[in-house]
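What follows is a single structure, written as structure tokens, with notes after it.
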Amino acid sequence: VKHTTIIEHPTAAALGPVCEKLRGAERLLITCHIKPDGDALGSMLALGLAFKARGREVTLYSEEPVPNLLRFLPGADLVVCRVADPLPEDTTLVVLDCNEPQRIGREAQRLIDAASSIVVLDHHLSRTPPFWGSKAHRAQGCCVSYVLPEIFATGAIVFWVLRDLGWTITPDVATNLYTAILSDTGCFRHSNTTKSTFEMAAFLVESGADPHGVAVKLYQNCPVRRQRLLALILQTLELHGGGRVGLLLATAEMFRQAQAAEEDAEDFVAYARCIDSVEVAVFIKETQPGRVSVSLRSKSAFNVADFARTFGGGGHFHAAGFRAPGTAPEIRDAVLERLGPVFPDRGKHHA
Ligand SMILES: [Mn+2]
């Protein structure tokens, strides 16, 4: 592969400490956020495969198994759901697509305490300053974080790291990074999509990623139960705030009826977001009886990350979420109560 394309690197200097830390790392534990998506897993696998190819000892850890739809990713079978206890000495913990420890899951604190170094690469808005590592870690400068919310995907940061390290992007690495970018830009449609997104995608295709192959695996590959679940969920559509708030809801009973699982409802918030009048889309799913997961999307100047934070969640300006105890109808009422003052009803558009 000829590496001819020049991809703008907005902050090359800022990545220096990250590359320095990673170049010297012989043993890595790479992880990402719970409910791993295409960007989280694509980034993790790309970085993991690149380090394995350099003879490093690499563990790829996710609290939850790789979702069915992402099992096609090269290296997906390397992902483990358990980590050695105690952690081997001199382990560099690399956290991708996540900058809040609790988003790693139950093992977060143990891994942070046991790691000799920590590297955080992410593009989510963070509570400032992000907490990482013990006081000892921070005193020794062992924790390096690179968090840029304006970057379209964590996979892009991984791409720049590999490029700055001077390592070749193999076809398997390219496929993982391409998937990361395609996922997090919503197929190059979200507001985070830039010229450099397309340049990077082009470079990855040149390096061996197959755009059609990845698209088919991601978007034309769903089990029929997903469509049956969607049919039930679409019937719950409500509009509020003069049509500016669109809300969909999935009860535990709907999951049971469709014999579907949480991962089958991935991205259903898009069916509320795509409505012309909707500025804020809400999808509430009761994943287990009494436990909900809420997805929020914004098409306007309303910051859903801030909104999610009032419920203990977080995310991006235009895409965020939270988890909470309660039934889907209870959380619906709570969400609408807090959105009400921002989007007052104008007495129209009630579905
Ligand atoms: Mn991401």
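Ordered as shown in the structure tokens, chains take letters A, B, and onward, while each chain numbers its residues from 1 and ligands are numbered from 1 in the order shown.
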
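Considering only C-alpha atoms and all ligand atoms, every residue of the polymer chains approaching ligand 1 to 6 Å or closer is listed here: Asp39, Ala40, Asp97, Ala153, Thr154 and Asp184 of chain A.
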
Open item on the list: List as a ChimeraX atom specification the protein and nucleic acid residues near Phe159 (chain A), meaning an atom at most 10 Å away when only C-alpha atoms are counted, but skip any in the same chain fewer than 3 places from it.
Closed with: /A:43,46-47,153-156,162-165,167,169,173-174,177-178,200,204

Go ahead and save the picked residues with N, CA and C atoms, as a compact mmCIF listing (two decimals), in the first residue's frame.
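Ended up saving to result-v3.txt:
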# COMPACT_ATOMS: atom_id res chain seq x y z
N SER A 43 -11.62 0.59 17.54
CA SER A 43 -10.41 1.24 18.05
C SER A 43 -9.55 0.27 18.84
N ALA A 46 -8.01 -2.40 16.52
CA ALA A 46 -6.98 -1.82 15.66
C ALA A 46 -5.68 -1.63 16.45
N LEU A 47 -5.81 -1.03 17.61
CA LEU A 47 -4.62 -0.78 18.43
C LEU A 47 -4.02 -2.10 18.91
N ALA A 153 -14.22 10.33 15.76
CA ALA A 153 -14.23 8.97 16.30
C ALA A 153 -12.95 8.74 17.09
N THR A 154 -13.02 7.90 18.09
CA THR A 154 -11.79 7.51 18.78
C THR A 154 -10.87 6.78 17.81
N GLY A 155 -11.48 6.08 16.85
CA GLY A 155 -10.68 5.40 15.82
C GLY A 155 -9.76 6.35 15.08
N ALA A 156 -10.17 7.61 14.95
CA ALA A 156 -9.33 8.59 14.27
C ALA A 156 -8.09 8.89 15.12
N LEU A 162 -1.05 5.52 15.47
CA LEU A 162 -0.32 4.52 14.70
C LEU A 162 0.54 5.20 13.64
N ARG A 163 -0.01 6.24 13.05
CA ARG A 163 0.76 6.95 12.02
C ARG A 163 1.97 7.65 12.64
N ASP A 164 1.77 8.29 13.79
CA ASP A 164 2.88 8.97 14.45
C ASP A 164 3.94 7.98 14.94
N LEU A 165 3.49 6.76 15.28
CA LEU A 165 4.45 5.73 15.68
C LEU A 165 5.20 5.19 14.46
N TRP A 167 3.86 3.09 12.25
CA TRP A 167 3.49 1.70 12.02
C TRP A 167 2.54 1.59 10.83
N ILE A 169 -0.48 0.49 8.51
CA ILE A 169 -1.90 0.14 8.70
C ILE A 169 -2.17 -1.09 7.84
N VAL A 173 -6.25 -3.90 10.44
CA VAL A 173 -6.31 -2.66 11.23
C VAL A 173 -7.19 -1.65 10.50
N ALA A 174 -7.04 -1.57 9.18
CA ALA A 174 -7.83 -0.63 8.38
C ALA A 174 -9.33 -0.93 8.50
N LEU A 177 -10.57 0.27 11.88
CA LEU A 177 -10.65 1.73 11.99
C LEU A 177 -11.75 2.29 11.09
N TYR A 178 -11.91 1.69 9.92
CA TYR A 178 -12.99 2.14 9.03
C TYR A 178 -14.35 1.93 9.69
N MET A 200 -9.42 10.28 5.75
CA MET A 200 -8.97 9.13 6.53
C MET A 200 -9.64 7.85 6.01
N LEU A 204 -7.92 4.49 4.55
CA LEU A 204 -8.18 3.15 5.11
C LEU A 204 -8.64 2.19 4.02

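With only C-alpha atoms as the atoms that count, the residue of A:Glu206, A:Asp333, A:Asp345, A:Asp276 with the shortest distance to Gly241 (chain A) is A:Asp345.
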
Task: Those of region 18-244 of chain A in DSSP strand (DSSP E or B), formatted as a ChimeraX atom specification - done: /A:27-32,57-61,79-80,92-96,117-122,143-147,238-240

Task: Counting only C-alpha atoms, the option among A:Leu93, A:Cys98, A:Leu121, A:Pro325 closest to His137 (chain A) - done: A:Leu93

Task: Residue set, region 33-165 of chain A restricted to helix (DSSP H, G or I), as a VMD selection string - done: chain A and resid 38 to 53 68 to 70 76 to 78 101 to 104 108 to 114 135 to 139 154 to 165

- [ ] Give me, please, the distance in Å between CA of Ser293 (chain A) and CA of Gly321 (chain A), quoted to one decimal.
- [x]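 Spanning CA of Ser293 (chain A) to CA of Gly321 (chain A) is a straight-line distance of 7.4 Å.
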
Task: Neighbour list for region 73-88 of chain A as a PyMOL selection string, cut-off 7 Å, only C-alpha atoms, skip fewer than 4 positions in-chain - done: chain A and resi 45+60-65+114+172+176

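Using only C-alpha atoms, the smallest distance between any of A:Thr185, A:Thr175, A:Thr251, A:Thr92 and Cys142 (chain A) comes from A:Thr92.
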